[in-house]
file final-v9.pdb (PDB, C-alpha atoms and all ligand atoms)
ATOM      1  CA  MET A   1       0.000   0.000   0.000  1.00  0.00           C
ATOM      2  CA  THR A   2       1.199   3.487  -0.768  1.00  0.00           C
ATOM      3  CA  GLN A   3      -0.592   5.253   2.069  1.00  0.00           C
ATOM      4  CA  ASP A   4       0.031   5.613   5.798  1.00  0.00           C
ATOM      5  CA  THR A   5      -3.631   5.867   6.785  1.00  0.00           C
ATOM      6  CA  ASN A   6      -5.511   2.586   6.811  1.00  0.00           C
ATOM      7  CA  TYR A   7      -9.247   3.051   7.213  1.00  0.00           C
ATOM      8  CA  ASP A   8      -9.871  -0.599   8.172  1.00  0.00           C
ATOM      9  CA  SER A   9      -9.800   0.040  11.925  1.00  0.00           C
ATOM     10  CA  PHE A  10     -12.318   2.926  11.836  1.00  0.00           C
ATOM     11  CA  ALA A  11     -14.318   2.136   8.683  1.00  0.00           C
ATOM     12  CA  GLU A  12     -17.719   1.794  10.426  1.00  0.00           C
ATOM     13  CA  ALA A  13     -17.237   4.954  12.483  1.00  0.00           C
ATOM     14  CA  TYR A  14     -16.033   6.989   9.484  1.00  0.00           C
ATOM     15  CA  SER A  15     -18.856   5.754   7.313  1.00  0.00           C
ATOM     16  CA  ALA A  16     -21.515   6.605   9.918  1.00  0.00           C
ATOM     17  CA  GLU A  17     -20.086  10.090  10.447  1.00  0.00           C
ATOM     18  CA  ASN A  18     -19.734  10.724   6.691  1.00  0.00           C
ATOM     19  CA  GLU A  19     -23.438  10.004   6.129  1.00  0.00           C
ATOM     20  CA  THR A  20     -24.810  13.092   7.848  1.00  0.00           C
ATOM     21  CA  SER A  21     -21.836  15.327   8.701  1.00  0.00           C
ATOM     22  CA  LEU A  22     -21.790  18.904   7.441  1.00  0.00           C
ATOM     23  CA  ILE A  23     -18.433  18.364   5.761  1.00  0.00           C
ATOM     24  CA  ASN A  24     -19.397  15.212   3.831  1.00  0.00           C
ATOM     25  CA  GLY A  25     -23.185  14.963   3.676  1.00  0.00           C
ATOM     26  CA  TYR A  26     -23.913  18.668   3.176  1.00  0.00           C
ATOM     27  CA  TYR A  27     -20.761  19.980   1.493  1.00  0.00           C
ATOM     28  CA  GLU A  28     -18.377  17.533  -0.212  1.00  0.00           C
ATOM     29  CA  ARG A  29     -20.865  15.006  -1.609  1.00  0.00           C
ATOM     30  CA  PRO A  30     -23.479  17.477  -2.898  1.00  0.00           C
ATOM     31  CA  ALA A  31     -20.663  19.464  -4.541  1.00  0.00           C
ATOM     32  CA  MET A  32     -19.331  16.350  -6.327  1.00  0.00           C
ATOM     33  CA  ILE A  33     -22.838  15.390  -7.470  1.00  0.00           C
ATOM     34  CA  LYS A  34     -23.434  18.892  -8.807  1.00  0.00           C
ATOM     35  CA  LEU A  35     -20.100  18.945 -10.651  1.00  0.00           C
ATOM     36  CA  ALA A  36     -20.857  15.527 -12.182  1.00  0.00           C
ATOM     37  CA  GLY A  37     -24.126  16.865 -13.610  1.00  0.00           C
ATOM     38  CA  ASP A  38     -26.209  14.566 -15.813  1.00  0.00           C
ATOM     39  CA  VAL A  39     -24.659  11.110 -15.372  1.00  0.00           C
ATOM     40  CA  ARG A  40     -27.445   9.019 -16.919  1.00  0.00           C
ATOM     41  CA  SER A  41     -26.006   5.968 -18.746  1.00  0.00           C
ATOM     42  CA  ARG A  42     -22.426   6.983 -17.938  1.00  0.00           C
ATOM     43  CA  GLN A  43     -19.877   4.377 -16.833  1.00  0.00           C
ATOM     44  CA  ILE A  44     -18.173   5.832 -13.770  1.00  0.00           C
ATOM     45  CA  LEU A  45     -15.216   4.668 -11.689  1.00  0.00           C
ATOM     46  CA  ASP A  46     -15.258   5.791  -8.032  1.00  0.00           C
ATOM     47  CA  ALA A  47     -11.599   5.809  -6.905  1.00  0.00           C
ATOM     48  CA  GLY A  48     -11.280   5.539  -3.112  1.00  0.00           C
ATOM     49  CA  CYS A  49     -15.032   4.915  -2.915  1.00  0.00           C
ATOM     50  CA  GLY A  50     -15.054   4.255   0.831  1.00  0.00           C
ATOM     51  CA  SER A  51     -18.374   2.800   1.926  1.00  0.00           C
ATOM     52  CA  GLY A  52     -19.950   3.971  -1.344  1.00  0.00           C
ATOM     53  CA  PRO A  53     -22.170   6.981  -0.552  1.00  0.00           C
ATOM     54  CA  LEU A  54     -21.199   8.849  -3.728  1.00  0.00           C
ATOM     55  CA  ALA A  55     -21.317   5.666  -5.833  1.00  0.00           C
ATOM     56  CA  LYS A  56     -24.870   5.042  -4.572  1.00  0.00           C
ATOM     57  CA  ALA A  57     -25.961   8.609  -5.320  1.00  0.00           C
ATOM     58  CA  LEU A  58     -24.550   8.367  -8.860  1.00  0.00           C
ATOM     59  CA  CYS A  59     -26.237   4.965  -9.423  1.00  0.00           C
ATOM     60  CA  ASP A  60     -29.529   6.509  -8.264  1.00  0.00           C
ATOM     61  CA  LEU A  61     -29.003   9.210 -10.912  1.00  0.00           C
ATOM     62  CA  GLY A  62     -28.700   6.591 -13.647  1.00  0.00           C
ATOM     63  CA  ALA A  63     -24.938   5.910 -13.869  1.00  0.00           C
ATOM     64  CA  THR A  64     -23.255   2.502 -13.753  1.00  0.00           C
ATOM     65  CA  VAL A  65     -20.574   2.719 -11.075  1.00  0.00           C
ATOM     66  CA  THR A  66     -17.505   0.592 -10.340  1.00  0.00           C
ATOM     67  CA  GLY A  67     -15.776   1.348  -7.054  1.00  0.00           C
ATOM     68  CA  PHE A  68     -12.436   0.531  -5.524  1.00  0.00           C
ATOM     69  CA  ASP A  69     -10.752   1.320  -2.239  1.00  0.00           C
ATOM     70  CA  SER A  70      -7.562   0.204  -0.511  1.00  0.00           C
ATOM     71  CA  SER A  71      -9.523  -0.629   2.658  1.00  0.00           C
ATOM     72  CA  LYS A  72     -11.225  -4.018   2.656  1.00  0.00           C
ATOM     73  CA  ALA A  73     -13.490  -2.950   5.530  1.00  0.00           C
ATOM     74  CA  MET A  74     -14.673   0.004   3.447  1.00  0.00           C
ATOM     75  CA  ILE A  75     -15.368  -2.227   0.442  1.00  0.00           C
ATOM     76  CA  ASP A  76     -17.357  -4.610   2.684  1.00  0.00           C
ATOM     77  CA  LEU A  77     -19.506  -1.649   3.801  1.00  0.00           C
ATOM     78  CA  ALA A  78     -19.909  -0.455   0.205  1.00  0.00           C
ATOM     79  CA  ARG A  79     -21.086  -3.938  -0.766  1.00  0.00           C
ATOM     80  CA  LYS A  80     -23.730  -3.836   1.961  1.00  0.00           C
ATOM     81  CA  ARG A  81     -24.922  -0.494   0.610  1.00  0.00           C
ATOM     82  CA  LEU A  82     -24.787  -1.285  -3.118  1.00  0.00           C
ATOM     83  CA  GLY A  83     -25.675  -4.972  -3.100  1.00  0.00           C
ATOM     84  CA  GLU A  84     -23.902  -8.228  -3.900  1.00  0.00           C
ATOM     85  CA  GLY A  85     -23.916  -7.592  -7.661  1.00  0.00           C
ATOM     86  CA  ALA A  86     -22.057  -4.263  -7.359  1.00  0.00           C
ATOM     87  CA  GLN A  87     -18.682  -3.970  -9.065  1.00  0.00           C
ATOM     88  CA  LEU A  88     -16.440  -3.267  -6.083  1.00  0.00           C
ATOM     89  CA  LEU A  89     -12.864  -4.243  -5.410  1.00  0.00           C
ATOM     90  CA  VAL A  90      -9.899  -3.666  -3.158  1.00  0.00           C
ATOM     91  CA  ALA A  91      -7.201  -1.804  -5.108  1.00  0.00           C
ATOM     92  CA  ASP A  92      -4.608   0.898  -4.525  1.00  0.00           C
ATOM     93  CA  LEU A  93      -4.792   4.211  -6.374  1.00  0.00           C
ATOM     94  CA  GLY A  94      -1.015   4.434  -6.034  1.00  0.00           C
ATOM     95  CA  GLN A  95      -0.510   1.295  -8.154  1.00  0.00           C
ATOM     96  CA  PRO A  96      -1.428   0.315 -11.733  1.00  0.00           C
ATOM     97  CA  LEU A  97      -5.227   0.072 -11.879  1.00  0.00           C
ATOM     98  CA  PRO A  98      -6.873  -3.298 -12.651  1.00  0.00           C
ATOM     99  CA  PHE A  99      -8.990  -1.930 -15.527  1.00  0.00           C
ATOM    100  CA  ALA A 100      -8.551  -1.947 -19.301  1.00  0.00           C
ATOM    101  CA  ASP A 101      -7.748   1.188 -21.295  1.00  0.00           C
ATOM    102  CA  ASP A 102     -10.735   3.410 -22.201  1.00  0.00           C
ATOM    103  CA  SER A 103     -13.112   1.701 -19.736  1.00  0.00           C
ATOM    104  CA  PHE A 104     -14.915   4.685 -18.170  1.00  0.00           C
ATOM    105  CA  ASP A 105     -16.683   7.925 -19.130  1.00  0.00           C
ATOM    106  CA  ASP A 106     -15.821   9.568 -15.802  1.00  0.00           C
ATOM    107  CA  VAL A 107     -13.694   8.930 -12.741  1.00  0.00           C
ATOM    108  CA  VAL A 108     -14.728  10.461  -9.418  1.00  0.00           C
ATOM    109  CA  ALA A 109     -12.167  10.677  -6.618  1.00  0.00           C
ATOM    110  CA  SER A 110     -13.537  12.132  -3.389  1.00  0.00           C
ATOM    111  CA  LEU A 111     -10.992  13.009  -0.712  1.00  0.00           C
ATOM    112  CA  VAL A 112      -8.432  10.375  -1.669  1.00  0.00           C
ATOM    113  CA  PHE A 113      -5.632  12.077  -3.621  1.00  0.00           C
ATOM    114  CA  HIS A 114      -4.339  13.883  -0.520  1.00  0.00           C
ATOM    115  CA  TYR A 115      -3.152  10.502   0.790  1.00  0.00           C
ATOM    116  CA  LEU A 116      -0.757  10.125  -2.146  1.00  0.00           C
ATOM    117  CA  GLU A 117       2.776  11.486  -2.285  1.00  0.00           C
ATOM    118  CA  ASP A 118       3.039  11.081  -6.058  1.00  0.00           C
ATOM    119  CA  TRP A 119       0.085  12.233  -8.131  1.00  0.00           C
ATOM    120  CA  LEU A 120       1.498  11.845 -11.616  1.00  0.00           C
ATOM    121  CA  GLY A 121       1.531   8.030 -11.743  1.00  0.00           C
ATOM    122  CA  SER A 122      -2.054   7.841 -10.450  1.00  0.00           C
ATOM    123  CA  LEU A 123      -3.277  10.579 -12.804  1.00  0.00           C
ATOM    124  CA  ASN A 124      -1.635   8.787 -15.738  1.00  0.00           C
ATOM    125  CA  GLU A 125      -3.437   5.604 -14.744  1.00  0.00           C
ATOM    126  CA  ILE A 126      -6.768   7.402 -14.470  1.00  0.00           C
ATOM    127  CA  ARG A 127      -6.288   8.972 -17.882  1.00  0.00           C
ATOM    128  CA  ARG A 128      -5.475   5.526 -19.310  1.00  0.00           C
ATOM    129  CA  VAL A 129      -8.732   3.982 -18.040  1.00  0.00           C
ATOM    130  CA  LEU A 130     -10.802   7.022 -19.125  1.00  0.00           C
ATOM    131  CA  ARG A 131     -12.196   7.216 -22.623  1.00  0.00           C
ATOM    132  CA  PRO A 132     -10.809  10.162 -24.647  1.00  0.00           C
ATOM    133  CA  GLY A 133     -12.657  13.290 -23.528  1.00  0.00           C
ATOM    134  CA  GLY A 134     -13.669  11.645 -20.234  1.00  0.00           C
ATOM    135  CA  ARG A 135     -13.658  13.561 -16.977  1.00  0.00           C
ATOM    136  CA  LEU A 136     -11.858  13.226 -13.677  1.00  0.00           C
ATOM    137  CA  ILE A 137     -13.916  14.947 -10.963  1.00  0.00           C
ATOM    138  CA  MET A 138     -12.042  15.186  -7.687  1.00  0.00           C
ATOM    139  CA  SER A 139     -11.949  16.801  -4.268  1.00  0.00           C
ATOM    140  CA  VAL A 140      -8.917  17.093  -1.988  1.00  0.00           C
ATOM    141  CA  ASN A 141      -7.862  18.972   1.111  1.00  0.00           C
ATOM    142  CA  HIS A 142      -7.632  22.642   0.178  1.00  0.00           C
ATOM    143  CA  PRO A 143      -3.957  23.675  -0.046  1.00  0.00           C
ATOM    144  CA  ILE A 144      -4.627  26.471   2.435  1.00  0.00           C
ATOM    145  CA  LEU A 145      -5.466  23.936   5.178  1.00  0.00           C
ATOM    146  CA  TYR A 146      -1.977  22.813   6.130  1.00  0.00           C
ATOM    147  CA  PRO A 147      -0.360  26.266   6.468  1.00  0.00           C
ATOM    148  CA  TRP A 148      -3.539  27.528   8.146  1.00  0.00           C
ATOM    149  CA  THR A 149      -3.529  24.848  10.812  1.00  0.00           C
ATOM    150  CA  ASN A 150       0.280  24.763  11.111  1.00  0.00           C
ATOM    151  CA  PRO A 151       1.381  28.393  11.376  1.00  0.00           C
ATOM    152  CA  GLY A 152       4.913  28.894  10.080  1.00  0.00           C
ATOM    153  CA  ALA A 153       4.696  25.912   7.715  1.00  0.00           C
ATOM    154  CA  ASP A 154       6.090  26.377   4.203  1.00  0.00           C
ATOM    155  CA  TYR A 155       3.112  26.501   1.810  1.00  0.00           C
ATOM    156  CA  PHE A 156       5.323  25.769  -1.195  1.00  0.00           C
ATOM    157  CA  LYS A 157       6.957  22.593   0.193  1.00  0.00           C
ATOM    158  CA  PRO A 158       5.129  19.286  -0.346  1.00  0.00           C
ATOM    159  CA  THR A 159       4.874  17.974   3.213  1.00  0.00           C
ATOM    160  CA  LYS A 160       3.505  14.924   4.956  1.00  0.00           C
ATOM    161  CA  TYR A 161       1.446  15.739   8.049  1.00  0.00           C
ATOM    162  CA  SER A 162      -1.053  14.108  10.392  1.00  0.00           C
ATOM    163  CA  ASP A 163      -4.051  15.245  12.343  1.00  0.00           C
ATOM    164  CA  ASP A 164      -6.526  13.625  14.708  1.00  0.00           C
ATOM    165  CA  HIS A 165     -10.261  13.304  14.096  1.00  0.00           C
ATOM    166  CA  THR A 166     -13.163  11.858  16.032  1.00  0.00           C
ATOM    167  CA  PHE A 167     -15.514   9.886  13.789  1.00  0.00           C
ATOM    168  CA  ASN A 168     -18.778   8.927  15.473  1.00  0.00           C
ATOM    169  CA  GLY A 169     -16.964   8.920  18.818  1.00  0.00           C
ATOM    170  CA  GLN A 170     -13.883   6.969  17.603  1.00  0.00           C
ATOM    171  CA  LEU A 171     -10.494   8.674  17.475  1.00  0.00           C
ATOM    172  CA  ALA A 172      -8.458   8.261  14.263  1.00  0.00           C
ATOM    173  CA  THR A 173      -5.226   9.772  13.005  1.00  0.00           C
ATOM    174  CA  LEU A 174      -5.132  10.669   9.314  1.00  0.00           C
ATOM    175  CA  THR A 175      -1.832  11.253   7.504  1.00  0.00           C
ATOM    176  CA  TYR A 176      -1.873  13.354   4.340  1.00  0.00           C
ATOM    177  CA  TRP A 177       0.373  15.041   1.831  1.00  0.00           C
ATOM    178  CA  HIS A 178       0.114  18.819   1.554  1.00  0.00           C
ATOM    179  CA  ARG A 179       1.098  20.312  -1.796  1.00  0.00           C
ATOM    180  CA  PRO A 180       0.706  23.823  -3.177  1.00  0.00           C
ATOM    181  CA  LEU A 181      -1.971  24.524  -5.781  1.00  0.00           C
ATOM    182  CA  GLN A 182       0.668  24.868  -8.482  1.00  0.00           C
ATOM    183  CA  ALA A 183       1.950  21.325  -7.853  1.00  0.00           C
ATOM    184  CA  MET A 184      -1.624  20.055  -8.332  1.00  0.00           C
ATOM    185  CA  THR A 185      -2.200  21.942 -11.586  1.00  0.00           C
ATOM    186  CA  GLU A 186       1.224  20.952 -12.941  1.00  0.00           C
ATOM    187  CA  ALA A 187       0.487  17.270 -12.282  1.00  0.00           C
ATOM    188  CA  PHE A 188      -2.907  17.581 -14.049  1.00  0.00           C
ATOM    189  CA  THR A 189      -1.448  19.097 -17.199  1.00  0.00           C
ATOM    190  CA  LYS A 190       1.580  16.751 -17.220  1.00  0.00           C
ATOM    191  CA  ALA A 191      -0.790  13.778 -17.101  1.00  0.00           C
ATOM    192  CA  GLY A 192      -2.746  15.122 -20.089  1.00  0.00           C
ATOM    193  CA  PHE A 193      -5.755  16.699 -18.383  1.00  0.00           C
ATOM    194  CA  GLN A 194      -7.252  20.068 -19.165  1.00  0.00           C
ATOM    195  CA  ILE A 195      -8.592  21.941 -16.129  1.00  0.00           C
ATOM    196  CA  GLU A 196     -12.261  22.810 -16.754  1.00  0.00           C
ATOM    197  CA  VAL A 197     -13.443  23.819 -13.297  1.00  0.00           C
ATOM    198  CA  VAL A 198     -11.775  24.815 -10.039  1.00  0.00           C
ATOM    199  CA  SER A 199     -14.400  25.108  -7.336  1.00  0.00           C
ATOM    200  CA  GLU A 200     -14.665  26.297  -3.718  1.00  0.00           C
ATOM    201  CA  PRO A 201     -18.386  25.584  -3.332  1.00  0.00           C
ATOM    202  CA  PRO A 202     -20.818  26.681  -0.626  1.00  0.00           C
ATOM    203  CA  PHE A 203     -22.235  24.077   1.727  1.00  0.00           C
ATOM    204  CA  SER A 204     -25.807  22.925   1.077  1.00  0.00           C
ATOM    205  CA  ALA A 205     -28.543  25.399   1.889  1.00  0.00           C
ATOM    206  CA  ASP A 206     -30.550  22.528   3.434  1.00  0.00           C
ATOM    207  CA  ALA A 207     -27.884  21.661   6.056  1.00  0.00           C
ATOM    208  CA  PRO A 208     -29.720  21.329   9.409  1.00  0.00           C
ATOM    209  CA  ALA A 209     -29.054  24.331  11.652  1.00  0.00           C
ATOM    210  CA  GLU A 210     -27.908  22.094  14.530  1.00  0.00           C
ATOM    211  CA  ILE A 211     -24.883  20.766  12.565  1.00  0.00           C
ATOM    212  CA  ILE A 212     -23.613  24.211  11.529  1.00  0.00           C
ATOM    213  CA  PRO A 213     -20.924  25.399  13.967  1.00  0.00           C
ATOM    214  CA  PRO A 214     -21.612  28.833  15.493  1.00  0.00           C
ATOM    215  CA  GLN A 215     -18.655  30.398  13.645  1.00  0.00           C
ATOM    216  CA  PHE A 216     -20.308  29.546  10.268  1.00  0.00           C
ATOM    217  CA  GLU A 217     -23.647  31.135  11.156  1.00  0.00           C
ATOM    218  CA  GLY A 218     -24.686  33.687   8.555  1.00  0.00           C
ATOM    219  CA  ARG A 219     -22.120  32.343   6.065  1.00  0.00           C
ATOM    220  CA  LYS A 220     -22.672  30.261   2.948  1.00  0.00           C
ATOM    221  CA  SER A 221     -19.132  28.938   2.505  1.00  0.00           C
ATOM    222  CA  PHE A 222     -16.102  27.692   4.363  1.00  0.00           C
ATOM    223  CA  LEU A 223     -12.789  26.418   3.038  1.00  0.00           C
ATOM    224  CA  SER A 224     -11.982  22.798   3.625  1.00  0.00           C
ATOM    225  CA  PHE A 225     -11.646  21.138   0.236  1.00  0.00           C
ATOM    226  CA  ILE A 226     -10.907  22.204  -3.316  1.00  0.00           C
ATOM    227  CA  PHE A 227     -12.717  20.596  -6.249  1.00  0.00           C
ATOM    228  CA  PHE A 228     -11.589  20.091  -9.847  1.00  0.00           C
ATOM    229  CA  VAL A 229     -13.214  18.929 -13.056  1.00  0.00           C
ATOM    230  CA  LEU A 230     -10.491  17.773 -15.449  1.00  0.00           C
ATOM    231  CA  ARG A 231     -10.937  16.672 -19.046  1.00  0.00           C
ATOM    232  CA  ALA A 232      -8.757  13.883 -20.511  1.00  0.00           C
ATOM    233  CA  GLN A 233      -7.133  15.180 -23.711  1.00  0.00           C
TER     234      GLN A 233
HETATM  235  C1  LIG B 301     -11.924  10.414   3.323  1.00  0.00           C
HETATM  236  S1  LIG B 301     -12.320   8.787   2.821  1.00  0.00           S
HETATM  237  C2  LIG B 301     -13.468   9.138   1.489  1.00  0.00           C
HETATM  238  C3  LIG B 301     -14.282   7.963   1.079  1.00  0.00           C
HETATM  239  C4  LIG B 301     -15.283   8.248  -0.044  1.00  0.00           C
HETATM  240  N1  LIG B 301     -14.620   8.716  -1.238  1.00  0.00           N
HETATM  241  C5  LIG B 301     -16.302   9.245   0.422  1.00  0.00           C
HETATM  242  O1  LIG B 301     -16.204  10.418   0.047  1.00  0.00           O
HETATM  243  O2  LIG B 301     -17.173   8.847   1.193  1.00  0.00           O
HETATM  244  C6  LIG B 301     -10.870   8.307   1.924  1.00  0.00           C
HETATM  245  C7  LIG B 301     -10.928   6.920   1.343  1.00  0.00           C
HETATM  246  O3  LIG B 301      -9.784   6.747   0.506  1.00  0.00           O
HETATM  247  C8  LIG B 301      -9.292   5.444   0.709  1.00  0.00           C
HETATM  248  N2  LIG B 301      -7.872   5.450   0.301  1.00  0.00           N
HETATM  249  C9  LIG B 301      -6.842   6.074   0.901  1.00  0.00           C
HETATM  250  N3  LIG B 301      -5.717   5.848   0.193  1.00  0.00           N
HETATM  251  C10 LIG B 301      -6.054   5.076  -0.871  1.00  0.00           C
HETATM  252  C11 LIG B 301      -5.324   4.515  -1.951  1.00  0.00           C
HETATM  253  N4  LIG B 301      -4.007   4.683  -2.086  1.00  0.00           N
HETATM  254  N5  LIG B 301      -5.992   3.760  -2.866  1.00  0.00           N
HETATM  255  C12 LIG B 301      -7.340   3.551  -2.736  1.00  0.00           C
HETATM  256  N6  LIG B 301      -8.067   4.065  -1.730  1.00  0.00           N
HETATM  257  C13 LIG B 301      -7.430   4.817  -0.811  1.00  0.00           C
HETATM  258  C14 LIG B 301      -9.519   5.165   2.167  1.00  0.00           C
HETATM  259  O4  LIG B 301      -9.475   3.799   2.475  1.00  0.00           O
HETATM  260  C15 LIG B 301     -10.890   5.808   2.378  1.00  0.00           C
HETATM  261  O5  LIG B 301     -11.932   4.904   2.136  1.00  0.00           O
END

call {"tool": "encode", "arguments": {"input": "final-v9.pdb", "output": "structure tokens", "more": "lines below"}}
Ligand SMILES: C[S@@+](CC[C@H](N)C(=O)[O-])C[C@H]1O[C@@H](n2cnc3c(N)ncnc32)[C@H](O)[C@@H]1O
result
Amino acid sequence: MTQDTNYDSFAEAYSAENETSLINGYYERPAMIKLAGDVRSRQILDAGCGSGPLAKALCDLGATVTGFDSSKAMIDLARKRLGEGAQLLVADLGQPLPFADDSFDDVVASLVFHYLEDWLGSLNEIRRVLRPGGRLIMSVNHPILYPWTNPGADYFKPTKYSDDHTFNGQLATLTYWHRPLQAMTEAFTKAGFQIEVVSEPPFSADAPAEIIPPQFEGRKSFLSFIFFVLRAQ
């Protein structure tokens, strides 16, 4: 495995939290669904699908979705959600992908690329499995996060860092790679993607008042992730 964070030990807790949290249920996932747009009849690969909430939403909108994740516990949860016939497998985004060239119309990658030190190899693989003109729609930790939460840190230096989270009452340490925005955009263009959209979306207007922290009251947006729609050339 190419990542330091293994979700196996907190898969259930993460999945439960992700369902209804402001950051996932009312910000990240709705933003990805909106960026994906009309997905009827599209063949979509969900890279780092976790327990499959986005895959399920895209299936409900008429797409055919294949999902993979490096965590077996996450794939087991995704199978429960999507059913025994779902195309789900354990695989590592940091390794060659087990799919033929030109297999998918779109790849979605929610909150997974920030676990990878090297983006180019993975982006090349995604472009290989995408049909020409296909899209990669992704979200990652916003590059402002690391210097914001670690005052004095060098924004321009790709850096591995960890932070602690409580998911549904269970403590977990996540280890990520920070990289500046320019390193992201350079990797996209090197791998043969054209950048169509860069997005810092608002959270959903229907987020229940009780899950909005007091400091966000009266605001429509906060910065946590950055979203891209990339077109395979
Ligand atoms: C923050 S969770 C997001 C899960 C899902 N995309 C969602 O939005 O609900 C990150 C997921 O990426 C997976 N992951 C981390 N590194 C990975 C890698 N190298 N290859 C495949 N999956 C990976 C984790 O196991 C975890 O399920």

call {"tool": "axis_aligned_box", "arguments": {"input": "final-v9.pdb", "around": "ligand LIG 301 (chain B)", "padding_each_side": "6 Å", "output": "lines of an AutoDock Vina configuration file"}}
result
center_x = -10.6
center_y = 7.0
center_z = 0.2
size_x = 25.2
size_y = 18.9
size_z = 18.2

call {"tool": "closest_atom_pairs", "arguments": {"input": "final-v9.pdb", "of": "chain A", "to": "ligand LIG 301 (chain B)", "cutoff": "9 Å", "atoms": "only C-alpha atoms and all ligand atoms", "output": "tab-separated table"}}
result
residue	atom	partner	partner_atom	distance
A:Met1	CA	B:LIG301	N4	6.5
A:Thr2	CA	B:LIG301	N4	5.5
A:Gln3	CA	B:LIG301	N4	5.4
A:Asp4	CA	B:LIG301	N3	8.0
A:Thr5	CA	B:LIG301	C9	6.7
A:Asn6	CA	B:LIG301	O4	6.0
A:Tyr7	CA	B:LIG301	O4	4.8
A:Asp8	CA	B:LIG301	O4	7.2
A:Ala11	CA	B:LIG301	O5	7.5
A:Tyr14	CA	B:LIG301	S1	7.8
A:Ser15	CA	B:LIG301	O2	7.1
A:Asn18	CA	B:LIG301	O2	6.3
A:Glu19	CA	B:LIG301	O2	8.1
A:Asn24	CA	B:LIG301	O1	6.9
A:Gly25	CA	B:LIG301	O2	8.9
A:Glu28	CA	B:LIG301	O1	7.4
A:Arg29	CA	B:LIG301	O1	6.7
A:Asp46	CA	B:LIG301	N1	7.4
A:Ala47	CA	B:LIG301	C12	6.4
A:Gly48	CA	B:LIG301	N6	3.8
A:Cys49	CA	B:LIG301	N1	4.2
A:Gly50	CA	B:LIG301	O5	3.4
A:Ser51	CA	B:LIG301	O2	6.2
A:Gly52	CA	B:LIG301	O2	6.2
A:Pro53	CA	B:LIG301	O2	5.6
A:Leu54	CA	B:LIG301	O2	6.4
A:Ala55	CA	B:LIG301	N1	8.7
A:Phe68	CA	B:LIG301	C12	6.5
A:Asp69	CA	B:LIG301	N6	3.9
A:Ser70	CA	B:LIG301	C12	4.0
A:Ser71	CA	B:LIG301	O4	4.4
A:Lys72	CA	B:LIG301	O4	8.0
A:Ala73	CA	B:LIG301	O4	8.4
A:Met74	CA	B:LIG301	O5	5.8
A:Ile75	CA	B:LIG301	O5	8.1
A:Val90	CA	B:LIG301	C12	7.7
A:Ala91	CA	B:LIG301	C12	5.9
A:Asp92	CA	B:LIG301	N5	3.6
A:Leu93	CA	B:LIG301	N5	3.7
A:Gly94	CA	B:LIG301	N4	5.0
A:Gln95	CA	B:LIG301	N4	7.8
A:Val108	CA	B:LIG301	N1	8.4
A:Ala109	CA	B:LIG301	N1	6.2
A:Ser110	CA	B:LIG301	N1	4.2
A:Leu111	CA	B:LIG301	C1	4.9
A:Val112	CA	B:LIG301	O3	4.4
A:Phe113	CA	B:LIG301	N3	7.3
A:His114	CA	B:LIG301	N3	8.2
A:Tyr115	CA	B:LIG301	N3	5.3
A:Leu116	CA	B:LIG301	N4	6.3
A:Ser139	CA	B:LIG301	O1	8.8

call {"tool": "closest_residue", "arguments": {"input": "final-v9.pdb", "among": "A:Ala205, A:Leu97, A:Val65, A:Ala36", "to": "Lys220 (chain A)", "atoms": "only C-alpha atoms"}}
result
A:Ala205

call {"tool": "closest_residue", "arguments": {"input": "final-v9.pdb", "among": "A:Pro132, A:Gln43, A:Leu181, A:Leu171", "to": "Tyr155 (chain A)", "atoms": "only C-alpha atoms"}}
result
A:Leu181

call {"tool": "residues_around", "arguments": {"input": "final-v9.pdb", "residues": "Asp206 (chain A)", "least_positions_apart": "4", "cutoff": "12 Å", "atoms": "all atoms listed in the file", "output": "PyMOL selection string"}}
result
chain A and resi 20+22+25-27+30+202+210-212+220

call {"tool": "resolve_selection", "arguments": {"input": "final-v9.pdb", "expression": "the PyMOL selection byres (((chain A and resi 233) around 7) and not hetatm)", "output": "PyMOL selection string"}}
result
chain A and resi 132-133+192-194+231-232

call {"tool": "atom_distance", "arguments": {"input": "final-v9.pdb", "atom1": "CA of Lys56 (chain A)", "atom2": "CA of Ser21 (chain A)"}}
result
17.1 Å

call {"tool": "resolve_selection", "arguments": {"input": "final-v9.pdb", "expression": "the PyMOL selection byres (((chain A and resi 106) around 6) and not hetatm)", "output": "CSV table (one decimal) with C-alpha atoms, keeping the file's coordinate frame"}}
result
chain,number,residue,atom,x,y,z
A,44,ILE,CA,-18.2,5.8,-13.8
A,104,PHE,CA,-14.9,4.7,-18.2
A,105,ASP,CA,-16.7,7.9,-19.1
A,107,VAL,CA,-13.7,8.9,-12.7
A,134,GLY,CA,-13.7,11.6,-20.2
A,135,ARG,CA,-13.7,13.6,-17.0
A,136,LEU,CA,-11.9,13.2,-13.7

call {"tool": "atom_distance", "arguments": {"input": "final-v9.pdb", "atom1": "CA of Ala187 (chain A)", "atom2": "CA of His165 (chain A)"}}
result
28.8 Å

call {"tool": "decode", "arguments": {"input": "final-v9.pdb", "residues": "region 173-186 of chain A", "atoms": "C-alpha atoms", "output": "mmCIF file, in the first residue's frame"}}
result
data_model
loop_
_atom_site.group_PDB
_atom_site.id
_atom_site.type_symbol
_atom_site.label_atom_id
_atom_site.label_comp_id
_atom_site.auth_asym_id
_atom_site.auth_seq_id
_atom_site.Cartn_x
_atom_site.Cartn_y
_atom_site.Cartn_z
ATOM 1 C CA THR A 173 -5.226 9.772 13.005
ATOM 2 C CA LEU A 174 -5.132 10.669 9.314
ATOM 3 C CA THR A 175 -1.832 11.253 7.504
ATOM 4 C CA TYR A 176 -1.873 13.354 4.340
ATOM 5 C CA TRP A 177 0.373 15.041 1.831
ATOM 6 C CA HIS A 178 0.114 18.819 1.554
ATOM 7 C CA ARG A 179 1.098 20.312 -1.796
ATOM 8 C CA PRO A 180 0.706 23.823 -3.177
ATOM 9 C CA LEU A 181 -1.971 24.524 -5.781
ATOM 10 C CA GLN A 182 0.668 24.868 -8.482
ATOM 11 C CA ALA A 183 1.950 21.325 -7.853
ATOM 12 C CA MET A 184 -1.624 20.055 -8.332
ATOM 13 C CA THR A 185 -2.200 21.942 -11.586
ATOM 14 C CA GLU A 186 1.224 20.952 -12.941
#
